[in-house]
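Structure data (mmCIF, C-alpha atoms and all ligand atoms) from entry-v3.cif:
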data_final
loop_
_atom_site.label_atom_id
_atom_site.label_comp_id
_atom_site.auth_asym_id
_atom_site.auth_seq_id
_atom_site.Cartn_x
_atom_site.Cartn_y
_atom_site.Cartn_z
CA MET A 1 -73.85 150.60 -104.57
CA LYS A 2 -77.27 149.23 -103.67
CA THR A 3 -76.45 145.96 -101.95
CA THR A 4 -73.75 144.55 -99.71
CA ARG A 5 -72.45 141.09 -98.95
CA ALA A 6 -73.03 140.09 -95.34
CA VAL A 7 -72.54 136.91 -93.34
CA VAL A 8 -75.80 136.08 -91.57
CA GLN A 9 -75.98 133.71 -88.62
CA THR A 10 -79.33 131.89 -88.78
CA ALA A 11 -78.81 129.30 -86.01
CA PRO A 12 -75.97 127.96 -83.84
CA ARG A 13 -73.09 126.93 -86.15
CA LYS A 14 -75.02 128.14 -89.22
CA LEU A 15 -73.68 131.03 -91.29
CA GLU A 16 -74.75 132.07 -94.79
CA LEU A 17 -73.33 134.68 -97.10
CA ARG A 18 -76.18 136.90 -98.30
CA GLU A 19 -76.67 139.95 -100.48
CA LEU A 20 -78.60 142.59 -98.51
CA PRO A 21 -79.88 146.08 -99.39
CA VAL A 22 -77.78 149.06 -98.30
CA PRO A 23 -80.00 151.49 -96.33
CA ASP A 24 -80.38 155.22 -96.83
CA ILE A 25 -78.44 157.37 -94.40
CA ASP A 26 -80.21 160.20 -92.60
CA ASP A 27 -78.72 163.32 -91.03
CA ASP A 28 -77.64 161.49 -87.85
CA SER A 29 -76.26 158.16 -89.11
CA ALA A 30 -73.54 156.83 -91.39
CA LEU A 31 -72.45 153.92 -93.52
CA LEU A 32 -69.10 152.22 -92.86
CA ARG A 33 -67.07 150.42 -95.53
CA VAL A 34 -65.61 147.61 -93.42
CA GLU A 35 -61.87 147.20 -93.90
CA ALA A 36 -61.35 144.61 -91.17
CA CYS A 37 -63.28 142.94 -88.38
CA GLY A 38 -61.44 141.28 -85.52
CA ILE A 39 -62.55 137.79 -84.48
CA CYS A 40 -63.22 137.74 -80.77
CA GLY A 41 -63.46 134.88 -78.28
CA SER A 42 -67.11 135.87 -77.88
CA ASP A 43 -67.63 135.39 -81.63
CA VAL A 44 -66.92 131.72 -80.97
CA GLU A 45 -69.55 131.71 -78.20
CA GLN A 46 -72.04 133.48 -80.45
CA TYR A 47 -71.33 131.00 -83.26
CA THR A 48 -71.82 127.92 -81.06
CA GLY A 49 -74.88 129.37 -79.31
CA THR A 50 -73.31 129.63 -75.85
CA LEU A 51 -73.86 133.39 -75.99
CA PRO A 52 -77.57 133.98 -76.60
CA VAL A 53 -78.05 136.40 -79.50
CA ARG A 54 -81.38 137.00 -81.23
CA LEU A 55 -81.06 135.45 -84.70
CA PRO A 56 -80.80 135.88 -87.60
CA ALA A 57 -78.09 138.50 -87.12
CA ILE A 58 -74.87 139.64 -88.75
CA PRO A 59 -71.96 138.88 -86.38
CA GLY A 60 -68.89 141.09 -85.97
CA HIS A 61 -68.41 143.63 -83.19
CA GLU A 62 -64.80 144.75 -83.77
CA PRO A 63 -65.12 146.92 -86.89
CA LEU A 64 -62.47 149.06 -88.49
CA GLY A 65 -63.44 150.87 -91.66
CA ILE A 66 -63.78 153.95 -93.81
CA ILE A 67 -66.74 156.31 -93.56
CA GLU A 68 -68.50 155.79 -96.89
CA ARG A 69 -71.48 158.09 -96.28
CA ILE A 70 -72.37 160.27 -93.32
CA GLY A 71 -75.17 162.65 -92.41
CA ASP A 72 -74.19 166.28 -91.78
CA ARG A 73 -75.23 166.24 -88.15
CA ALA A 74 -73.42 162.94 -87.48
CA ALA A 75 -70.24 164.31 -89.11
CA LYS A 76 -70.40 167.32 -86.81
CA ARG A 77 -71.19 165.37 -83.65
CA TRP A 78 -68.63 162.61 -84.23
CA GLY A 79 -65.91 164.83 -85.69
CA VAL A 80 -65.32 162.61 -88.75
CA ASP A 81 -66.12 162.81 -92.44
CA VAL A 82 -66.33 160.72 -95.60
CA GLY A 83 -63.01 158.97 -96.24
CA ASP A 84 -61.87 158.92 -92.60
CA ARG A 85 -60.75 155.63 -91.08
CA VAL A 86 -62.50 154.84 -87.82
CA ALA A 87 -62.53 152.22 -85.10
CA VAL A 88 -66.12 151.60 -84.00
CA GLU A 89 -66.92 150.72 -80.39
CA THR A 90 -69.04 147.61 -79.91
CA MET A 91 -71.70 149.05 -77.63
CA ILE A 92 -74.29 151.56 -78.83
CA PRO A 93 -75.38 153.32 -75.64
CA CYS A 94 -78.80 154.92 -75.18
CA GLY A 95 -77.30 157.95 -73.46
CA HIS A 96 -80.14 158.33 -70.98
CA CYS A 97 -80.36 155.31 -68.70
CA ARG A 98 -78.86 155.21 -65.25
CA ALA A 99 -75.80 153.24 -66.43
CA CYS A 100 -75.11 155.77 -69.21
CA ILE A 101 -75.61 158.80 -66.98
CA GLU A 102 -73.34 157.36 -64.31
CA GLY A 103 -70.55 156.62 -66.78
CA ARG A 104 -70.99 152.88 -67.26
CA TYR A 105 -72.32 152.96 -70.80
CA GLN A 106 -70.69 149.61 -71.61
CA VAL A 107 -73.41 147.89 -69.54
CA CYS A 108 -76.28 150.03 -70.92
CA ARG A 109 -79.51 148.08 -71.41
CA GLY A 110 -81.57 151.17 -72.25
CA ARG A 111 -82.41 149.89 -75.73
CA GLY A 112 -83.51 146.44 -74.67
CA SER A 113 -80.98 143.68 -74.05
CA MET A 114 -77.32 144.14 -74.99
CA PHE A 115 -77.47 146.70 -77.81
CA GLY A 116 -74.31 146.76 -79.85
CA TYR A 117 -72.84 145.69 -83.16
CA SER A 118 -73.25 141.96 -83.74
CA TYR A 119 -76.05 141.69 -81.15
CA VAL A 120 -78.96 143.41 -82.90
CA PRO A 121 -81.05 141.10 -85.12
CA LEU A 122 -81.49 141.51 -88.85
CA SER A 123 -85.20 142.19 -88.24
CA HIS A 124 -84.36 145.49 -86.49
CA PRO A 125 -84.14 148.12 -89.27
CA PRO A 126 -81.94 148.75 -91.17
CA GLY A 127 -80.52 145.28 -90.44
CA LEU A 128 -76.81 145.83 -91.11
CA TRP A 129 -75.72 145.62 -87.46
CA GLY A 130 -72.60 143.51 -87.82
CA ALA A 131 -69.14 143.85 -89.34
CA TYR A 132 -68.96 140.47 -91.08
CA ALA A 133 -69.97 142.44 -94.17
CA ASP A 134 -68.69 144.80 -96.82
CA PHE A 135 -70.81 147.62 -95.38
CA MET A 136 -72.22 148.25 -91.91
CA TYR A 137 -74.79 150.77 -90.68
CA LEU A 138 -73.64 153.28 -88.05
CA ASP A 139 -76.40 154.19 -85.61
CA PRO A 140 -76.66 157.85 -84.43
CA MET A 141 -75.42 156.80 -80.96
CA SER A 142 -72.30 155.05 -82.32
CA LEU A 143 -68.96 155.81 -80.72
CA VAL A 144 -66.15 156.10 -83.25
CA HIS A 145 -62.44 156.88 -82.98
CA ARG A 146 -60.35 158.15 -85.86
CA VAL A 147 -57.38 155.89 -86.69
CA ARG A 148 -54.35 156.71 -88.86
CA LYS A 149 -54.77 155.36 -92.38
CA ASP A 150 -51.20 154.25 -93.10
CA LEU A 151 -51.30 151.21 -90.80
CA PRO A 152 -52.23 147.77 -92.18
CA ALA A 153 -55.90 147.10 -91.44
CA SER A 154 -55.15 143.78 -89.73
CA ILE A 155 -52.93 145.60 -87.19
CA ALA A 156 -55.10 148.71 -86.77
CA VAL A 157 -58.09 146.48 -85.99
CA MET A 158 -56.29 145.24 -82.85
CA PHE A 159 -57.70 148.31 -81.08
CA ASN A 160 -60.29 145.95 -79.65
CA PRO A 161 -58.24 143.23 -77.89
CA LEU A 162 -55.67 145.84 -76.93
CA GLY A 163 -58.39 148.12 -75.58
CA ALA A 164 -59.58 145.19 -73.45
CA GLY A 165 -56.01 144.75 -72.21
CA PHE A 166 -55.89 148.39 -71.11
CA ARG A 167 -59.27 148.29 -69.44
CA TRP A 168 -58.95 144.91 -67.70
CA ALA A 169 -55.26 144.91 -66.77
CA VAL A 170 -54.72 148.65 -66.13
CA GLU A 171 -57.83 150.86 -65.91
CA ILE A 172 -59.97 148.70 -63.59
CA PRO A 173 -57.21 147.43 -61.24
CA ASP A 174 -55.38 150.79 -61.41
CA THR A 175 -52.10 149.08 -62.26
CA GLY A 176 -48.92 151.07 -61.89
CA PRO A 177 -45.20 150.88 -61.11
CA GLY A 178 -44.39 148.38 -58.38
CA ASP A 179 -47.36 146.11 -59.07
CA ILE A 180 -46.87 142.42 -59.75
CA VAL A 181 -49.43 141.45 -62.37
CA LEU A 182 -50.56 137.86 -62.88
CA ILE A 183 -52.51 137.07 -66.05
CA LEU A 184 -54.45 133.80 -66.15
CA GLY A 185 -54.76 132.67 -69.78
CA PRO A 186 -52.51 133.51 -72.75
CA GLY A 187 -55.14 134.09 -75.47
CA GLN A 188 -55.37 137.37 -77.40
CA ARG A 189 -56.86 139.15 -74.35
CA GLY A 190 -54.19 137.73 -72.07
CA LEU A 191 -51.41 138.82 -74.41
CA ALA A 192 -53.03 142.24 -74.79
CA SER A 193 -53.06 142.45 -70.97
CA VAL A 194 -49.31 141.75 -70.95
CA ILE A 195 -48.73 144.64 -73.37
CA ALA A 196 -50.96 147.04 -71.43
CA ALA A 197 -49.50 146.13 -68.01
CA ARG A 198 -46.01 146.60 -69.41
CA VAL A 199 -46.89 150.06 -70.77
CA ALA A 200 -48.41 150.95 -67.36
CA GLY A 201 -45.08 150.21 -65.70
CA ALA A 202 -45.87 146.94 -63.91
CA ASP A 203 -42.92 145.64 -61.93
CA GLN A 204 -43.29 141.98 -62.89
CA ILE A 205 -45.71 140.20 -65.20
CA ILE A 206 -46.52 136.50 -64.89
CA VAL A 207 -48.72 134.56 -67.35
CA THR A 208 -50.27 131.13 -66.85
CA GLY A 209 -51.37 128.65 -69.50
CA LEU A 210 -51.71 124.99 -70.40
CA THR A 211 -49.35 122.63 -72.22
CA ARG A 212 -51.17 123.27 -75.50
CA ASP A 213 -50.54 127.01 -75.04
CA ALA A 214 -46.74 126.64 -75.38
CA ALA A 215 -46.51 128.93 -78.44
CA LYS A 216 -48.72 131.58 -76.80
CA LEU A 217 -46.68 131.49 -73.58
CA ALA A 218 -43.47 131.97 -75.59
CA LEU A 219 -45.10 134.96 -77.30
CA ALA A 220 -46.14 136.35 -73.90
CA LYS A 221 -42.45 136.50 -72.99
CA GLU A 222 -41.60 138.26 -76.24
CA LEU A 223 -44.31 140.85 -75.52
CA GLY A 224 -43.05 141.61 -72.03
CA ALA A 225 -43.94 138.84 -69.56
CA ASP A 226 -41.17 138.09 -67.05
CA HIS A 227 -42.37 134.60 -66.14
CA VAL A 228 -44.72 132.00 -67.59
CA ILE A 229 -46.23 129.07 -65.73
CA ASN A 230 -47.59 125.86 -67.25
CA VAL A 231 -50.32 125.01 -64.72
CA GLU A 232 -50.51 121.40 -65.96
CA GLU A 233 -46.85 120.68 -65.30
CA GLU A 234 -45.95 123.03 -62.47
CA ASP A 235 -47.34 123.75 -59.01
CA ALA A 236 -48.70 127.19 -59.91
CA ARG A 237 -49.37 128.33 -56.32
CA ALA A 238 -45.79 127.47 -55.32
CA ARG A 239 -44.36 129.16 -58.43
CA VAL A 240 -46.30 132.38 -57.79
CA ARG A 241 -45.11 132.39 -54.16
CA GLU A 242 -41.53 131.82 -55.28
CA ILE A 243 -41.56 134.52 -58.01
CA THR A 244 -43.20 137.11 -55.75
CA GLY A 245 -41.02 136.36 -52.72
CA GLY A 246 -44.03 134.97 -50.85
CA ARG A 247 -46.17 138.09 -51.32
CA GLY A 248 -48.46 137.01 -54.12
CA ALA A 249 -49.69 139.10 -57.06
CA ASP A 250 -51.12 142.61 -56.58
CA VAL A 251 -53.22 142.45 -59.73
CA ILE A 252 -54.74 139.31 -61.21
CA VAL A 253 -56.48 139.31 -64.59
CA GLU A 254 -58.61 136.22 -65.23
CA VAL A 255 -59.03 135.81 -68.99
CA SER A 256 -59.08 132.06 -69.44
CA SER A 257 -62.12 130.83 -71.36
CA TYR A 258 -64.68 128.33 -70.03
CA ALA A 259 -62.57 126.83 -67.21
CA PRO A 260 -63.96 128.05 -63.84
CA GLU A 261 -61.06 126.58 -61.79
CA PRO A 262 -58.69 129.56 -62.30
CA VAL A 263 -61.26 131.82 -60.58
CA ALA A 264 -60.99 129.73 -57.40
CA GLU A 265 -57.20 129.48 -57.75
CA SER A 266 -56.80 133.24 -58.18
CA LEU A 267 -57.62 133.73 -54.48
CA TYR A 268 -54.52 131.71 -53.54
CA TYR A 269 -52.25 133.67 -55.91
CA ALA A 270 -53.40 137.03 -54.53
CA ALA A 271 -51.37 139.31 -52.29
CA MET A 272 -53.07 141.08 -49.35
CA GLY A 273 -55.45 143.67 -50.78
CA ALA A 274 -54.98 142.45 -54.36
CA ARG A 275 -57.35 143.49 -57.15
CA ILE A 276 -58.75 140.57 -59.14
CA VAL A 277 -60.43 141.30 -62.48
CA LEU A 278 -62.72 138.60 -63.86
CA ALA A 279 -63.26 138.87 -67.61
CA GLY A 280 -63.20 135.29 -68.92
CA ILE A 281 -66.66 133.92 -69.68
CA LYS A 282 -67.40 130.49 -68.17
CA GLY A 283 -70.61 129.51 -69.93
CA PHE A 284 -72.54 130.31 -66.71
CA LYS A 285 -70.93 127.39 -64.86
CA ALA A 286 -70.50 127.60 -61.06
CA VAL A 287 -66.98 127.81 -59.65
CA PRO A 288 -66.14 124.68 -57.60
CA GLU A 289 -63.93 124.94 -54.49
CA PHE A 290 -64.43 128.70 -54.24
CA VAL A 291 -63.21 129.65 -50.75
CA SER A 292 -64.71 133.06 -50.06
CA ASP A 293 -62.94 133.33 -46.70
CA LEU A 294 -59.76 134.12 -48.64
CA ILE A 295 -61.45 137.28 -49.96
CA VAL A 296 -62.25 138.31 -46.41
CA ALA A 297 -58.90 137.36 -44.90
CA LYS A 298 -56.87 139.12 -47.61
CA GLU A 299 -59.34 141.99 -48.17
CA LEU A 300 -59.39 141.22 -51.87
CA VAL A 301 -61.30 143.27 -54.42
CA LEU A 302 -63.07 141.25 -57.13
CA HIS A 303 -64.18 143.22 -60.15
CA GLY A 304 -66.09 141.96 -63.18
CA ALA A 305 -65.27 143.42 -66.59
CA LEU A 306 -67.51 143.49 -69.64
CA GLY A 307 -66.09 145.11 -72.73
CA VAL A 308 -64.00 148.21 -73.12
CA THR A 309 -64.41 151.92 -72.38
CA SER A 310 -63.56 154.90 -74.58
CA ARG A 311 -60.57 155.73 -72.42
CA SER A 312 -59.02 152.30 -72.96
CA TYR A 313 -59.89 152.27 -76.68
CA ARG A 314 -58.02 155.56 -77.00
CA ALA A 315 -55.00 154.20 -75.12
CA ALA A 316 -54.97 151.17 -77.45
CA ILE A 317 -55.26 153.23 -80.64
CA ARG A 318 -52.47 155.60 -79.59
CA LEU A 319 -50.21 152.63 -78.74
CA ILE A 320 -50.93 150.95 -82.09
CA GLU A 321 -50.18 154.22 -83.92
CA SER A 322 -46.93 154.69 -81.99
CA GLY A 323 -45.46 151.50 -83.45
CA ARG A 324 -43.74 150.84 -80.11
CA VAL A 325 -45.01 147.28 -79.71
CA PRO A 326 -44.41 144.45 -82.24
CA LEU A 327 -48.14 143.74 -82.55
CA ALA A 328 -47.68 141.87 -85.83
CA LYS A 329 -46.31 138.98 -83.77
CA MET A 330 -49.78 138.54 -82.28
CA HIS A 331 -51.54 138.60 -85.62
CA THR A 332 -51.77 135.09 -87.03
CA HIS A 333 -54.58 134.88 -89.60
CA ASP A 334 -56.40 136.95 -92.23
CA PHE A 335 -59.58 135.54 -93.76
CA ALA A 336 -61.89 136.57 -96.61
CA LEU A 337 -65.53 137.25 -95.76
CA GLU A 338 -66.67 133.95 -97.27
CA ASP A 339 -64.32 132.11 -94.86
CA ALA A 340 -65.93 133.55 -91.71
CA GLU A 341 -66.73 130.10 -90.38
CA LYS A 342 -63.13 128.96 -90.80
CA ALA A 343 -61.96 132.16 -89.09
CA ILE A 344 -64.09 131.49 -86.01
CA ARG A 345 -63.11 127.82 -85.86
CA THR A 346 -59.43 128.75 -86.21
CA LEU A 347 -59.62 131.10 -83.22
CA ALA A 348 -61.53 128.40 -81.32
CA GLY A 349 -58.69 125.95 -81.95
CA GLU A 350 -61.01 123.61 -83.89
CA ILE A 351 -58.72 123.45 -86.93
CA THR A 352 -55.89 121.00 -86.31
CA GLY A 353 -52.42 122.36 -86.88
CA GLU A 354 -53.51 126.03 -86.63
CA THR A 355 -52.85 128.25 -83.61
CA GLY A 356 -55.04 131.32 -83.96
CA ILE A 357 -54.14 134.22 -81.67
CA HIS A 358 -55.41 137.33 -83.41
CA CYS A 359 -57.51 136.57 -86.47
CA CYS A 360 -59.51 138.97 -88.60
CA LEU A 361 -61.79 139.13 -91.60
CA LEU A 362 -60.76 141.43 -94.40
CA PRO A 363 -63.93 141.97 -96.50
ZN ZN B 1 -64.65 141.36 -78.99
ZN ZN B 2 -78.02 153.68 -71.52
#

With the file now loaded, output its structure as C-alpha cells.
Ligand SMILES: [Zn+2]
Ligand SMILES: [Zn+2]
Amino acid sequence: MKTTRAVVQTAPRKLELRELPVPDIDDDSALLRVEACGICGSDVEQYTGTLPVRLPAIPGHEPLGIIERIGDRAAKRWGVDVGDRVAVETMIPCGHCRACIEGRYQVCRGRGSMFGYSYVPLSHPPGLWGAYADFMYLDPMSLVHRVRKDLPASIAVMFNPLGAGFRWAVEIPDTGPGDIVLILGPGQRGLASVIAARVAGADQIIVTGLTRDAAKLALAKELGADHVINVEEEDARARVREITGGRGADVIVEVSSYAPEPVAESLYYAAMGARIVLAGIKGFKAVPEFVSDLIVAKELVLHGALGVTSRSYRAAIRLIESGRVPLAKMHTHDFALEDAEKAIRTLAGEITGETGIHCCLLP
C-alpha cells in the first residue's frame, strides 16, 4: 500500500477526501490502520472554526486501530507489535518540558502549540496526523494502550469519552463513596461521567439538561444517574437542595457546551468545600453573573480539565473490556469515512431528527 484515503479540512466547514502518500516508518515510529475514530464535541468546534487549528489538517484525535508497521525500537518501547489493536492518546508529549516533567503532559506545549493527533497540519511531515483516514502515522512520542481485539470497534473506541469521564468526574475531584455528584450536561462526556462516578462508588448522581435533551437524560438514568433535572422546566437550585437534603453537591462536573450560565449556577449547587471541574468549552465567552464570593464563602475548589491522562484511559479501557456497563446504549451512529461531514453535523445536532450521542467513523 502506497497511498491512503484521508479527510482533509482546508477551511472552516470545508472537508475533502484526498489520496495521500503513506510515509516510510523508521525505527522509532509506526503506522496505524485506523479501525474507528470517535467523533468528539471538539471535532465540531474544529470543523466550524471555533477551535483554531492550523489548516489544512486531517481531523480525528480519538483513534483505535491495528499496528500495520512498527519500527523495532518503537515496538520495544511501546510494548506492542504488528497486528496488535491499540487505543492512541490524543496528545503527543515532548517529554522534556516543565509540564511533561511535572506529570502534566496533557498540557505540554513543548513542540509548539497543542501538539496532538488532529492538531498538526498536513505541512508538518509526514502529514498523516489525524484519524479521519485509513492510515495514520504514529510519532515516536505517541502513547498507546493495547485493547482486546474481540470487542466491536465502535464500542472499543469509546475509551476516549469514557476516559474523560474517569478523569473529569473521578480522578480530578477525587470522587469516592459518600459523594453526591452533579453533572451539568448530558452529552457523551456527561454520560461518561455518570458511568465513571458510578464505578467510583458515588452516593448519588444528578444530571441536568434541557428540554431537547430528554432522550439523553433518560439514558443517563439507565446508565446510573439517580435524578435528572430539566433546567428549563424546573427550578434547578431548589431541586438540588431538595435532593441533597439542603447540603448541595460535593462534586460538580461542568460539561455543557457553549453555554456559560451553568458555570455561574454551579456555585449555587455546590456544598461547602465542593470540587467543581470545568471541562465544557464556551467559545471564550465570559461568564455573566459569576459571583466569586460564593467560592470564598464555601471554600470551593475550581479545577479546569483539558483532555485525559493515561491513568484514566487505562480505567476506561479496563471497564470497556469488562463488559460491565451497557455502553452500546450510548453508541448511536457509525459513519463511513466519506460521510465525515455528516458525522460531525449529526453529533452537533444539525441534522433534524437525529440524536447523536456517541458517533464514530469506521474507515
Ligand atoms: Zn475528543
Ligand atoms: Zn512537554

Give the residue list for ligand ZN 2 (chain B) at 7 Å, counting only C-alpha atoms and all ligand atoms, as a ChimeraX atom specification, sorted by chain and then by residue number.
/A:93-100,105,108-110

Where does stretch 147-247 of chain A meet stretch 256-278 of chain A within 6 Å, residue by residue, with the nearest atom pair and distance in Å to one decimal for each, counting all atoms listed in the file, listed by chain and rising number, as CSV?
residue,atom,partner,partner_atom,distance
A:Pro173,CA,A:Arg275,CA,5.7
A:Leu184,CA,A:Ser256,CA,5.9
A:Gly185,CA,A:Ser256,CA,4.4
A:Arg247,CA,A:Ala271,CA,5.4

Please build the interface table for chain A against ligand ZN 1 (chain B) with a cut-off of 8 Å, listing for each qualifying residue the nearest atom pair and the distance in Å to one decimal; count all atoms listed in the file, order rows by chain and increasing number, and write it as a Markdown table.
| residue | atom | partner | partner_atom | distance |
| --- | --- | --- | --- | --- |
| A:Gly38 | CA | B:ZN1 | ZN | 7.3 |
| A:Ile39 | CA | B:ZN1 | ZN | 6.9 |
| A:Cys40 | CA | B:ZN1 | ZN | 4.3 |
| A:Gly41 | CA | B:ZN1 | ZN | 6.6 |
| A:Ser42 | CA | B:ZN1 | ZN | 6.1 |
| A:Asp43 | CA | B:ZN1 | ZN | 7.2 |
| A:His61 | CA | B:ZN1 | ZN | 6.1 |
| A:Glu62 | CA | B:ZN1 | ZN | 5.9 |
| A:Thr90 | CA | B:ZN1 | ZN | 7.7 |
| A:Asn160 | CA | B:ZN1 | ZN | 6.4 |
| A:Pro161 | CA | B:ZN1 | ZN | 6.8 |
| A:Gly307 | CA | B:ZN1 | ZN | 7.4 |

Separation of atom CA of A:Arg239 from atom CA of A:Ala197, in Å and rounded to one decimal
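Going from atom CA of A:Arg239 over to atom CA of A:Ala197, I get 20.2 Å.
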
Which residues come within 12 Å of A:Glu234, counting only C-alpha atoms, excluding same-chain residues fewer than 3 positions away, as a short mmCIF file (atom, residue, chain, number, x, y, z; two decimals) with C-alpha atoms, keeping the file's coordinate frame?
data_model
loop_
_atom_site.label_atom_id
_atom_site.label_comp_id
_atom_site.auth_asym_id
_atom_site.auth_seq_id
_atom_site.Cartn_x
_atom_site.Cartn_y
_atom_site.Cartn_z
CA THR A 208 -50.27 131.13 -66.85
CA GLY A 209 -51.37 128.65 -69.50
CA LEU A 210 -51.71 124.99 -70.40
CA THR A 211 -49.35 122.63 -72.22
CA VAL A 228 -44.72 132.00 -67.59
CA ILE A 229 -46.23 129.07 -65.73
CA ASN A 230 -47.59 125.86 -67.25
CA VAL A 231 -50.32 125.01 -64.72
CA ARG A 237 -49.37 128.33 -56.32
CA ALA A 238 -45.79 127.47 -55.32
CA ARG A 239 -44.36 129.16 -58.43
CA VAL A 240 -46.30 132.38 -57.79
#

In Å, with one decimal, what is the gap from atom CA of A:Ala315 to atom CA of A:Val181?
18.9 Å

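Taking atom CA of A:Leu217 and atom CA of A:Leu319 as endpoints, the distance between them is 22.0 Å.
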
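Distance check against A:Thr50 using only C-alpha atoms: of A:Arg345, A:Arg314, A:Arg13, A:Arg146, the minimum falls on A:Arg13.
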
Where is the centre and how long are the edges: axis-aligned box on stretch 213-225 of chain A, 3 Å on each side, Å to one decimal, as JSON:
{"center_x": -46.1, "center_y": 134.1, "center_z": -74.0, "size_x": 14.9, "size_y": 21.0, "size_z": 14.9}

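With distances taken over all atoms listed in the file, A:Lys216 is the one residue among A:Lys216, A:Arg69, A:His358, A:Lys76 lying closest to A:Pro186.
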
Check the smallest atom-to-atom distance from each of A:Ala215, A:Leu162, A:Ile92, A:Leu182 to A:Glu354 using all atoms listed in the file, then report the winner.
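Closest residue, counting all atoms listed in the file: A:Ala215.
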
Kindly indicate which residue among A:Ala133, A:Ile66, A:Ile58, A:Val325 lies nearest to A:Val199, using only C-alpha atoms for the distances.
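Smallest distance to A:Val199 is found for A:Val325.
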
From A:Ser193, A:Thr244, A:Ser322, A:Thr309, residue lying nearest A:Asp150 [all atoms listed in the file]:
A:Ser322
